[in-house]
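Enquirer: If it helps, the file is called structure_2.txt and holds compact mmCIF, N, CA and C atoms:
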# COMPACT_ATOMS: atom_id res chain seq x y z
N MET A 219 34.54 -23.91 27.43
CA MET A 219 33.22 -23.32 27.52
C MET A 219 33.15 -22.00 26.74
N ILE A 220 34.19 -21.23 26.78
CA ILE A 220 34.21 -19.95 26.07
C ILE A 220 34.12 -20.19 24.57
N LYS A 221 34.83 -21.21 24.05
CA LYS A 221 34.78 -21.51 22.62
C LYS A 221 33.37 -21.89 22.21
N PHE A 222 32.66 -22.65 23.04
CA PHE A 222 31.28 -23.04 22.73
C PHE A 222 30.37 -21.81 22.65
N ALA A 223 30.54 -20.87 23.56
CA ALA A 223 29.73 -19.64 23.56
C ALA A 223 30.02 -18.82 22.31
N ASN A 224 31.27 -18.75 21.89
CA ASN A 224 31.63 -18.00 20.68
C ASN A 224 30.98 -18.61 19.44
N VAL A 225 30.92 -19.94 19.39
CA VAL A 225 30.30 -20.63 18.25
C VAL A 225 28.81 -20.29 18.19
N ILE A 226 28.14 -20.30 19.34
CA ILE A 226 26.71 -19.96 19.36
C ILE A 226 26.50 -18.53 18.88
N ILE A 227 27.34 -17.61 19.32
CA ILE A 227 27.20 -16.21 18.89
C ILE A 227 27.44 -16.10 17.39
N LEU A 228 28.45 -16.77 16.86
CA LEU A 228 28.74 -16.71 15.43
C LEU A 228 27.60 -17.29 14.60
N ILE A 229 26.91 -18.27 15.13
CA ILE A 229 25.78 -18.86 14.41
C ILE A 229 24.55 -17.98 14.53
N ALA A 230 24.29 -17.44 15.69
CA ALA A 230 23.06 -16.68 15.95
C ALA A 230 23.06 -15.31 15.29
N VAL A 231 24.20 -14.64 15.25
CA VAL A 231 24.25 -13.28 14.73
C VAL A 231 23.78 -13.17 13.28
N PRO A 232 24.21 -14.04 12.34
CA PRO A 232 23.71 -13.92 10.97
C PRO A 232 22.19 -14.10 10.88
N PHE A 233 21.63 -15.00 11.69
CA PHE A 233 20.18 -15.20 11.66
C PHE A 233 19.44 -13.98 12.18
N MET A 234 19.98 -13.31 13.19
CA MET A 234 19.34 -12.10 13.70
C MET A 234 19.40 -10.99 12.65
N ALA A 235 20.50 -10.89 11.93
CA ALA A 235 20.63 -9.87 10.89
C ALA A 235 19.65 -10.11 9.76
N VAL A 236 19.47 -11.38 9.36
CA VAL A 236 18.51 -11.71 8.31
C VAL A 236 17.10 -11.37 8.77
N GLY A 237 16.77 -11.68 10.01
CA GLY A 237 15.44 -11.37 10.54
C GLY A 237 15.19 -9.88 10.56
N ALA A 238 16.18 -9.08 10.93
CA ALA A 238 16.02 -7.63 10.97
C ALA A 238 15.82 -7.08 9.56
N ALA A 239 16.56 -7.62 8.58
CA ALA A 239 16.42 -7.14 7.20
C ALA A 239 15.04 -7.50 6.66
N THR A 240 14.56 -8.70 6.97
CA THR A 240 13.25 -9.13 6.49
C THR A 240 12.14 -8.27 7.09
N ALA A 241 12.27 -7.92 8.35
CA ALA A 241 11.24 -7.12 9.01
C ALA A 241 11.11 -5.75 8.37
N GLN A 242 12.16 -5.23 7.75
CA GLN A 242 12.14 -3.90 7.16
C GLN A 242 11.82 -3.90 5.67
N THR A 243 11.61 -5.06 5.07
CA THR A 243 11.35 -5.15 3.65
C THR A 243 9.99 -4.55 3.32
N VAL A 244 9.96 -3.71 2.31
CA VAL A 244 8.72 -3.08 1.85
C VAL A 244 8.41 -3.62 0.46
N MET A 245 7.21 -4.14 0.29
CA MET A 245 6.79 -4.69 -0.99
C MET A 245 6.20 -3.56 -1.86
N PRO A 246 6.81 -3.27 -3.02
CA PRO A 246 6.27 -2.21 -3.88
C PRO A 246 5.10 -2.70 -4.74
N ILE A 247 4.10 -1.85 -4.86
CA ILE A 247 2.96 -2.14 -5.75
C ILE A 247 2.65 -0.85 -6.51
N SER A 248 2.68 -0.90 -7.83
CA SER A 248 2.32 0.25 -8.66
C SER A 248 0.87 0.13 -9.10
N ILE A 249 0.14 1.22 -8.94
CA ILE A 249 -1.26 1.27 -9.35
C ILE A 249 -1.42 2.48 -10.25
N THR A 250 -1.86 2.24 -11.47
CA THR A 250 -2.06 3.33 -12.43
C THR A 250 -3.53 3.72 -12.47
N LEU A 251 -3.78 5.00 -12.30
CA LEU A 251 -5.12 5.55 -12.41
C LEU A 251 -5.20 6.19 -13.80
N SER A 252 -6.00 5.62 -14.67
CA SER A 252 -6.16 6.20 -16.00
C SER A 252 -7.61 6.68 -16.11
N ASP A 253 -7.96 7.14 -17.26
CA ASP A 253 -9.33 7.65 -17.41
C ASP A 253 -10.31 6.49 -17.30
N TYR A 254 -10.88 6.38 -16.08
CA TYR A 254 -11.97 5.47 -15.74
C TYR A 254 -11.55 4.04 -15.47
N SER A 255 -10.30 3.83 -15.01
CA SER A 255 -9.91 2.50 -14.55
C SER A 255 -8.70 2.59 -13.63
N PHE A 256 -8.56 1.56 -12.79
CA PHE A 256 -7.36 1.32 -11.99
C PHE A 256 -6.68 0.10 -12.58
N ALA A 257 -5.35 0.11 -12.64
CA ALA A 257 -4.62 -1.08 -13.10
C ALA A 257 -3.46 -1.33 -12.14
N PRO A 258 -3.51 -2.41 -11.39
CA PRO A 258 -4.60 -3.39 -11.31
C PRO A 258 -5.77 -2.83 -10.50
N ASN A 259 -6.94 -3.42 -10.71
CA ASN A 259 -8.12 -2.96 -9.96
C ASN A 259 -8.44 -3.89 -8.79
N VAL A 260 -7.70 -4.98 -8.66
CA VAL A 260 -7.85 -5.90 -7.54
C VAL A 260 -6.47 -6.13 -6.93
N LEU A 261 -6.35 -5.88 -5.63
CA LEU A 261 -5.09 -6.12 -4.91
C LEU A 261 -5.32 -7.22 -3.89
N ASP A 262 -4.34 -8.10 -3.78
CA ASP A 262 -4.39 -9.20 -2.81
C ASP A 262 -3.18 -9.03 -1.89
N LEU A 263 -3.41 -8.61 -0.64
CA LEU A 263 -2.35 -8.29 0.29
C LEU A 263 -2.37 -9.22 1.50
N GLN A 264 -1.29 -9.21 2.24
CA GLN A 264 -1.17 -10.01 3.47
C GLN A 264 -1.16 -9.07 4.67
N ALA A 265 -1.92 -9.41 5.70
CA ALA A 265 -1.92 -8.64 6.94
C ALA A 265 -0.53 -8.68 7.55
N GLY A 266 -0.08 -7.55 8.09
CA GLY A 266 1.22 -7.48 8.75
C GLY A 266 2.40 -7.26 7.84
N VAL A 267 2.18 -7.23 6.54
CA VAL A 267 3.26 -6.99 5.57
C VAL A 267 3.22 -5.51 5.16
N MET A 268 4.40 -4.89 5.10
CA MET A 268 4.48 -3.48 4.72
C MET A 268 4.56 -3.36 3.19
N TYR A 269 3.71 -2.49 2.65
CA TYR A 269 3.66 -2.25 1.20
C TYR A 269 3.90 -0.77 0.92
N ARG A 270 4.47 -0.48 -0.24
CA ARG A 270 4.57 0.89 -0.73
C ARG A 270 3.68 0.96 -1.97
N LEU A 271 2.54 1.63 -1.81
CA LEU A 271 1.63 1.82 -2.93
C LEU A 271 2.14 3.01 -3.73
N HIS A 272 2.52 2.76 -4.97
CA HIS A 272 2.97 3.83 -5.87
C HIS A 272 1.79 4.13 -6.80
N LEU A 273 1.08 5.21 -6.48
CA LEU A 273 -0.11 5.60 -7.25
C LEU A 273 0.33 6.58 -8.34
N ILE A 274 -0.07 6.28 -9.58
CA ILE A 274 0.33 7.09 -10.73
C ILE A 274 -0.93 7.50 -11.47
N ASN A 275 -1.14 8.80 -11.61
CA ASN A 275 -2.26 9.27 -12.42
C ASN A 275 -1.77 9.44 -13.85
N GLY A 276 -2.06 8.43 -14.67
CA GLY A 276 -1.67 8.46 -16.07
C GLY A 276 -2.78 8.95 -16.97
N GLY A 277 -3.87 9.43 -16.38
CA GLY A 277 -5.02 9.88 -17.16
C GLY A 277 -4.92 11.34 -17.56
N SER A 278 -5.90 11.78 -18.31
CA SER A 278 -5.93 13.17 -18.76
C SER A 278 -6.74 14.06 -17.81
N LYS A 279 -7.26 13.47 -16.72
CA LYS A 279 -8.06 14.21 -15.75
C LYS A 279 -7.50 13.98 -14.35
N ASP A 280 -7.97 14.77 -13.38
CA ASP A 280 -7.63 14.52 -11.98
C ASP A 280 -8.40 13.29 -11.51
N HIS A 281 -7.76 12.47 -10.67
CA HIS A 281 -8.38 11.27 -10.13
C HIS A 281 -8.03 11.16 -8.65
N ASN A 282 -8.65 10.18 -7.99
CA ASN A 282 -8.27 9.89 -6.61
C ASN A 282 -8.39 8.40 -6.35
N PHE A 283 -7.73 7.99 -5.27
CA PHE A 283 -7.73 6.60 -4.82
C PHE A 283 -8.41 6.63 -3.46
N SER A 284 -9.70 6.32 -3.46
CA SER A 284 -10.50 6.40 -2.24
C SER A 284 -10.71 4.99 -1.68
N ALA A 285 -10.14 4.75 -0.48
CA ALA A 285 -10.26 3.45 0.20
C ALA A 285 -10.30 3.69 1.71
N PRO A 286 -11.30 4.43 2.19
CA PRO A 286 -11.32 4.82 3.61
C PRO A 286 -11.33 3.65 4.58
N GLU A 287 -12.06 2.59 4.26
CA GLU A 287 -12.10 1.43 5.16
C GLU A 287 -10.73 0.73 5.21
N PHE A 288 -10.08 0.62 4.06
CA PHE A 288 -8.76 0.00 4.02
C PHE A 288 -7.75 0.82 4.81
N PHE A 289 -7.70 2.13 4.57
CA PHE A 289 -6.75 2.97 5.28
C PHE A 289 -7.02 2.99 6.78
N ALA A 290 -8.30 2.94 7.19
CA ALA A 290 -8.64 2.91 8.61
C ALA A 290 -8.21 1.60 9.26
N ALA A 291 -8.13 0.52 8.49
CA ALA A 291 -7.76 -0.80 9.01
C ALA A 291 -6.28 -1.09 8.82
N SER A 292 -5.48 -0.06 8.55
CA SER A 292 -4.06 -0.23 8.26
C SER A 292 -3.24 0.80 9.02
N GLN A 293 -1.96 0.48 9.16
CA GLN A 293 -1.01 1.45 9.70
C GLN A 293 -0.40 2.19 8.52
N ILE A 294 -0.44 3.51 8.58
CA ILE A 294 0.11 4.34 7.51
C ILE A 294 1.45 4.88 7.99
N GLY A 295 2.45 4.87 7.12
CA GLY A 295 3.75 5.44 7.48
C GLY A 295 3.59 6.88 7.92
N PRO A 296 4.27 7.29 8.99
CA PRO A 296 4.12 8.65 9.52
C PRO A 296 4.34 9.74 8.48
N GLU A 297 5.30 9.51 7.57
CA GLU A 297 5.60 10.51 6.54
C GLU A 297 4.51 10.59 5.46
N ASP A 298 3.59 9.61 5.45
CA ASP A 298 2.56 9.56 4.41
C ASP A 298 1.15 9.90 4.92
N GLN A 299 0.98 10.04 6.21
CA GLN A 299 -0.35 10.27 6.77
C GLN A 299 -1.01 11.53 6.23
N ALA A 300 -0.24 12.57 5.99
CA ALA A 300 -0.80 13.83 5.49
C ALA A 300 -1.26 13.72 4.03
N LYS A 301 -0.84 12.68 3.31
CA LYS A 301 -1.23 12.50 1.91
C LYS A 301 -2.63 11.91 1.78
N ILE A 302 -3.17 11.41 2.91
CA ILE A 302 -4.49 10.78 2.91
C ILE A 302 -5.45 11.67 3.68
N GLU A 303 -6.51 12.08 3.02
CA GLU A 303 -7.51 12.93 3.67
C GLU A 303 -8.87 12.25 3.57
N LYS A 304 -9.43 11.91 4.71
CA LYS A 304 -10.72 11.20 4.77
C LYS A 304 -10.70 9.91 3.95
N GLY A 305 -9.58 9.20 4.02
CA GLY A 305 -9.46 7.91 3.33
C GLY A 305 -9.22 8.01 1.84
N LEU A 306 -8.80 9.17 1.38
CA LEU A 306 -8.67 9.43 -0.05
C LEU A 306 -7.32 10.06 -0.35
N VAL A 307 -6.69 9.60 -1.44
CA VAL A 307 -5.45 10.19 -1.94
C VAL A 307 -5.78 10.86 -3.27
N ALA A 308 -5.67 12.16 -3.33
CA ALA A 308 -5.97 12.92 -4.55
C ALA A 308 -4.72 13.03 -5.41
N LEU A 309 -4.91 12.83 -6.72
CA LEU A 309 -3.79 12.94 -7.66
C LEU A 309 -4.21 13.81 -8.84
N ASN A 310 -3.46 14.87 -9.05
CA ASN A 310 -3.67 15.69 -10.23
C ASN A 310 -3.18 14.95 -11.46
N ARG A 311 -3.61 15.38 -12.61
CA ARG A 311 -3.17 14.77 -13.87
C ARG A 311 -1.64 14.73 -13.91
N GLY A 312 -1.07 13.53 -14.17
CA GLY A 312 0.37 13.37 -14.28
C GLY A 312 1.10 13.20 -12.96
N GLN A 313 0.42 13.32 -11.85
CA GLN A 313 1.06 13.23 -10.53
C GLN A 313 1.20 11.78 -10.07
N SER A 314 2.21 11.52 -9.25
CA SER A 314 2.35 10.22 -8.59
C SER A 314 2.56 10.46 -7.09
N VAL A 315 2.10 9.50 -6.30
CA VAL A 315 2.19 9.59 -4.84
C VAL A 315 2.54 8.21 -4.30
N ASP A 316 3.46 8.17 -3.33
CA ASP A 316 3.79 6.93 -2.65
C ASP A 316 3.20 6.93 -1.25
N ILE A 317 2.57 5.82 -0.89
CA ILE A 317 1.98 5.64 0.44
C ILE A 317 2.52 4.32 1.00
N THR A 318 3.14 4.38 2.18
CA THR A 318 3.60 3.17 2.86
C THR A 318 2.51 2.74 3.83
N VAL A 319 2.06 1.50 3.68
CA VAL A 319 0.91 1.02 4.45
C VAL A 319 1.15 -0.43 4.89
N THR A 320 0.70 -0.74 6.10
CA THR A 320 0.74 -2.11 6.62
C THR A 320 -0.67 -2.49 7.05
N PRO A 321 -1.34 -3.35 6.28
CA PRO A 321 -2.69 -3.78 6.68
C PRO A 321 -2.64 -4.53 8.01
N ASP A 322 -3.60 -4.20 8.90
CA ASP A 322 -3.62 -4.81 10.23
C ASP A 322 -4.40 -6.12 10.30
N HIS A 323 -5.47 -6.23 9.52
CA HIS A 323 -6.28 -7.45 9.62
C HIS A 323 -6.96 -7.78 8.29
N ALA A 324 -7.44 -9.02 8.23
CA ALA A 324 -8.06 -9.53 6.99
C ALA A 324 -9.39 -8.85 6.71
N GLY A 325 -9.72 -8.80 5.43
CA GLY A 325 -11.00 -8.24 5.00
C GLY A 325 -10.93 -7.87 3.54
N THR A 326 -12.07 -7.53 2.97
CA THR A 326 -12.13 -7.04 1.60
C THR A 326 -12.66 -5.61 1.65
N PHE A 327 -11.94 -4.71 1.00
CA PHE A 327 -12.20 -3.29 1.10
C PHE A 327 -12.41 -2.69 -0.30
N PRO A 328 -13.46 -1.88 -0.48
CA PRO A 328 -13.69 -1.27 -1.79
C PRO A 328 -12.72 -0.11 -2.05
N VAL A 329 -12.42 0.08 -3.32
CA VAL A 329 -11.59 1.19 -3.80
C VAL A 329 -12.35 1.85 -4.94
N GLU A 330 -12.32 3.17 -4.98
CA GLU A 330 -13.00 3.86 -6.08
C GLU A 330 -12.40 5.24 -6.28
N CYS A 331 -12.70 5.82 -7.41
CA CYS A 331 -12.42 7.23 -7.66
C CYS A 331 -13.73 7.96 -7.41
N THR A 332 -13.68 8.96 -6.54
CA THR A 332 -14.92 9.67 -6.18
C THR A 332 -15.20 10.89 -7.05
N GLN A 333 -14.39 11.11 -8.08
CA GLN A 333 -14.70 12.20 -9.02
C GLN A 333 -16.05 11.90 -9.68
N PHE A 334 -16.76 12.93 -10.07
CA PHE A 334 -18.11 12.80 -10.63
C PHE A 334 -18.15 11.76 -11.75
N MET A 335 -18.95 10.71 -11.54
CA MET A 335 -19.25 9.63 -12.48
C MET A 335 -18.08 8.69 -12.81
N HIS A 336 -16.91 8.89 -12.21
CA HIS A 336 -15.77 8.03 -12.53
C HIS A 336 -16.01 6.59 -12.10
N LYS A 337 -16.59 6.39 -10.91
CA LYS A 337 -16.89 5.03 -10.45
C LYS A 337 -17.88 4.36 -11.41
N MET A 338 -18.92 5.07 -11.80
CA MET A 338 -19.93 4.53 -12.70
C MET A 338 -19.33 4.14 -14.05
N MET A 339 -18.27 4.84 -14.45
CA MET A 339 -17.63 4.57 -15.73
C MET A 339 -16.56 3.48 -15.63
N GLY A 340 -16.42 2.87 -14.43
CA GLY A 340 -15.53 1.73 -14.29
C GLY A 340 -14.34 1.92 -13.37
N MET A 341 -14.24 3.06 -12.72
CA MET A 341 -13.07 3.33 -11.89
C MET A 341 -13.33 2.87 -10.45
N HIS A 342 -13.28 1.55 -10.26
CA HIS A 342 -13.48 0.96 -8.94
C HIS A 342 -12.76 -0.39 -8.89
N GLY A 343 -12.58 -0.90 -7.69
CA GLY A 343 -11.89 -2.16 -7.50
C GLY A 343 -11.98 -2.58 -6.05
N SER A 344 -11.07 -3.46 -5.65
CA SER A 344 -11.09 -3.93 -4.27
C SER A 344 -9.69 -4.30 -3.79
N ILE A 345 -9.53 -4.27 -2.47
CA ILE A 345 -8.31 -4.72 -1.82
C ILE A 345 -8.71 -5.83 -0.87
N THR A 346 -8.14 -7.02 -1.06
CA THR A 346 -8.39 -8.13 -0.16
C THR A 346 -7.13 -8.35 0.66
N VAL A 347 -7.31 -8.35 1.98
CA VAL A 347 -6.21 -8.61 2.90
C VAL A 347 -6.46 -9.97 3.52
N ARG A 348 -5.47 -10.83 3.45
CA ARG A 348 -5.58 -12.20 4.02
C ARG A 348 -4.74 -12.33 5.25
In structure tokens, what does this structure look like?

Expert:
Amino acid sequence: MIKFANVIILIAVPFMAVGAATAQTVMPISITLSDYSFAPNVLDLQAGVMYRLHLINGGSKDHNFSAPEFFAASQIGPEDQAKIEKGLVALNRGQSVDITVTPDHAGTFPVECTQFMHKMMGMHGSITVR
């Protein structure tokens, strides 16, 4: 009986380790903010999956990543909460910011740059969570 219990433990332990590693996996997504566009401007995410949004301001002006509805419907990593103010991440020219986020539920959320006229000039997009 003891040998049978040892076999079960030897089989179960690797599966538990794989499950723990999978639960901690963070999916990286790079988003470049340039003068009057986001690249990519459409994100397709899964609810319950942890993502690291790497926001890069590659433009010649200051920009922001404004997605208040998305951030409100997501869990933000504790170390990143201070980087978001009123649903907006501000980036100076040449700056990059990482935000760890886990969307909680499905929906489509608008994204835009709220700098004067940037949205009108094409700096907008969407995040769809399935």

Enquirer: Quick check for you: according to DSSP on this backbone, which residues of chain A are classed as helix (DSSP H, G or I)? Reply as a PyMOL selection string.

Expert: chain A and resi 220-241+286-290+296-301

Enquirer: For atom CA of Gly340 of chain A and atom CA of Leu263 of chain A, quote the distance in Å rounded to one decimal.

Expert: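 Atom-to-atom, atom CA of Gly340 of chain A and atom CA of Leu263 of chain A are spaced 22.1 Å apart.
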
Enquirer: Take atom CA of Pro258 of chain A and atom C of Arg311 of chain A and report the distance between them in Å, one decimal.

Expert: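 Atom CA of Pro258 of chain A sits 18.5 Å away from atom C of Arg311 of chain A.
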
Enquirer: Using all atoms listed in the file, can you list as a PyMOL selection string the residues within 6.5 Å of (-5.7, 13.1, -12.2)?

Expert: chain A and resi 275-282+309-313

Enquirer: Taking 5 positions as the minimum chain separation for residues in the same chain, which residues sit within 8 Å of Thr243 of chain A when counting only N, CA and C atoms? Answer as a list in words.

Expert: Ala238, Val267, Met268, Tyr269 and Arg270 of chain A

Enquirer: For atom CA of Pro321 of chain A and atom CA of Pro296 of chain A, quote the distance in Å rounded to one decimal.

Expert: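 According to the coordinates, atom CA of Pro321 of chain A and atom CA of Pro296 of chain A are separated by 14.5 Å.
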
Enquirer: Hey, could you patch up segment 298-318 of chain A with N, CA, C and O atoms and hand it over as an mmCIF file, in the frame of the given file?

Expert:
data_model
loop_
_atom_site.group_PDB
_atom_site.id
_atom_site.type_symbol
_atom_site.label_atom_id
_atom_site.label_comp_id
_atom_site.auth_asym_id
_atom_site.auth_seq_id
_atom_site.Cartn_x
_atom_site.Cartn_y
_atom_site.Cartn_z
ATOM 1 N N ASP A 298 3.590 9.610 5.450
ATOM 2 C CA ASP A 298 2.560 9.560 4.410
ATOM 3 C C ASP A 298 1.150 9.900 4.920
ATOM 4 O O ASP A 298 0.218 10.009 4.127
ATOM 5 N N GLN A 299 0.980 10.040 6.210
ATOM 6 C CA GLN A 299 -0.350 10.270 6.770
ATOM 7 C C GLN A 299 -1.010 11.530 6.230
ATOM 8 O O GLN A 299 -2.212 11.541 5.978
ATOM 9 N N ALA A 300 -0.240 12.570 5.990
ATOM 10 C CA ALA A 300 -0.800 13.830 5.490
ATOM 11 C C ALA A 300 -1.260 13.720 4.030
ATOM 12 O O ALA A 300 -2.031 14.570 3.557
ATOM 13 N N LYS A 301 -0.840 12.680 3.310
ATOM 14 C CA LYS A 301 -1.230 12.500 1.910
ATOM 15 C C LYS A 301 -2.630 11.910 1.780
ATOM 16 O O LYS A 301 -3.192 11.892 0.688
ATOM 17 N N ILE A 302 -3.170 11.410 2.910
ATOM 18 C CA ILE A 302 -4.490 10.780 2.910
ATOM 19 C C ILE A 302 -5.450 11.670 3.680
ATOM 20 O O ILE A 302 -5.222 11.976 4.843
ATOM 21 N N GLU A 303 -6.510 12.080 3.020
ATOM 22 C CA GLU A 303 -7.510 12.930 3.670
ATOM 23 C C GLU A 303 -8.870 12.250 3.570
ATOM 24 O O GLU A 303 -9.366 12.004 2.455
ATOM 25 N N LYS A 304 -9.430 11.910 4.710
ATOM 26 C CA LYS A 304 -10.720 11.200 4.770
ATOM 27 C C LYS A 304 -10.700 9.910 3.950
ATOM 28 O O LYS A 304 -11.655 9.588 3.247
ATOM 29 N N GLY A 305 -9.580 9.200 4.020
ATOM 30 C CA GLY A 305 -9.460 7.910 3.330
ATOM 31 C C GLY A 305 -9.220 8.010 1.840
ATOM 32 O O GLY A 305 -9.372 7.033 1.115
ATOM 33 N N LEU A 306 -8.800 9.170 1.380
ATOM 34 C CA LEU A 306 -8.670 9.430 -0.050
ATOM 35 C C LEU A 306 -7.320 10.060 -0.350
ATOM 36 O O LEU A 306 -6.861 10.942 0.382
ATOM 37 N N VAL A 307 -6.690 9.600 -1.440
ATOM 38 C CA VAL A 307 -5.450 10.190 -1.940
ATOM 39 C C VAL A 307 -5.780 10.860 -3.270
ATOM 40 O O VAL A 307 -6.173 10.178 -4.228
ATOM 41 N N ALA A 308 -5.670 12.160 -3.330
ATOM 42 C CA ALA A 308 -5.970 12.920 -4.550
ATOM 43 C C ALA A 308 -4.720 13.030 -5.410
ATOM 44 O O ALA A 308 -3.621 13.265 -4.895
ATOM 45 N N LEU A 309 -4.910 12.830 -6.720
ATOM 46 C CA LEU A 309 -3.790 12.940 -7.660
ATOM 47 C C LEU A 309 -4.210 13.810 -8.840
ATOM 48 O O LEU A 309 -5.176 13.501 -9.550
ATOM 49 N N ASN A 310 -3.460 14.870 -9.050
ATOM 50 C CA ASN A 310 -3.670 15.690 -10.230
ATOM 51 C C ASN A 310 -3.180 14.950 -11.460
ATOM 52 O O ASN A 310 -2.400 13.999 -11.353
ATOM 53 N N ARG A 311 -3.610 15.380 -12.610
ATOM 54 C CA ARG A 311 -3.170 14.770 -13.870
ATOM 55 C C ARG A 311 -1.640 14.730 -13.910
ATOM 56 O O ARG A 311 -0.972 15.726 -13.637
ATOM 57 N N GLY A 312 -1.070 13.530 -14.170
ATOM 58 C CA GLY A 312 0.370 13.370 -14.280
ATOM 59 C C GLY A 312 1.100 13.200 -12.960
ATOM 60 O O GLY A 312 2.295 12.937 -12.957
ATOM 61 N N GLN A 313 0.420 13.320 -11.850
ATOM 62 C CA GLN A 313 1.060 13.230 -10.530
ATOM 63 C C GLN A 313 1.200 11.780 -10.070
ATOM 64 O O GLN A 313 0.392 10.923 -10.437
ATOM 65 N N SER A 314 2.210 11.520 -9.250
ATOM 66 C CA SER A 314 2.350 10.220 -8.590
ATOM 67 C C SER A 314 2.560 10.460 -7.090
ATOM 68 O O SER A 314 3.115 11.481 -6.698
ATOM 69 N N VAL A 315 2.100 9.500 -6.300
ATOM 70 C CA VAL A 315 2.190 9.590 -4.840
ATOM 71 C C VAL A 315 2.540 8.210 -4.300
ATOM 72 O O VAL A 315 1.993 7.206 -4.762
ATOM 73 N N ASP A 316 3.460 8.170 -3.330
ATOM 74 C CA ASP A 316 3.790 6.930 -2.650
ATOM 75 C C ASP A 316 3.200 6.930 -1.250
ATOM 76 O O ASP A 316 3.327 7.921 -0.527
ATOM 77 N N ILE A 317 2.570 5.820 -0.890
ATOM 78 C CA ILE A 317 1.980 5.640 0.440
ATOM 79 C C ILE A 317 2.520 4.320 1.000
ATOM 80 O O ILE A 317 2.368 3.274 0.378
ATOM 81 N N THR A 318 3.140 4.380 2.180
ATOM 82 C CA THR A 318 3.600 3.170 2.860
ATOM 83 C C THR A 318 2.510 2.740 3.830
ATOM 84 O O THR A 318 2.072 3.534 4.673
#
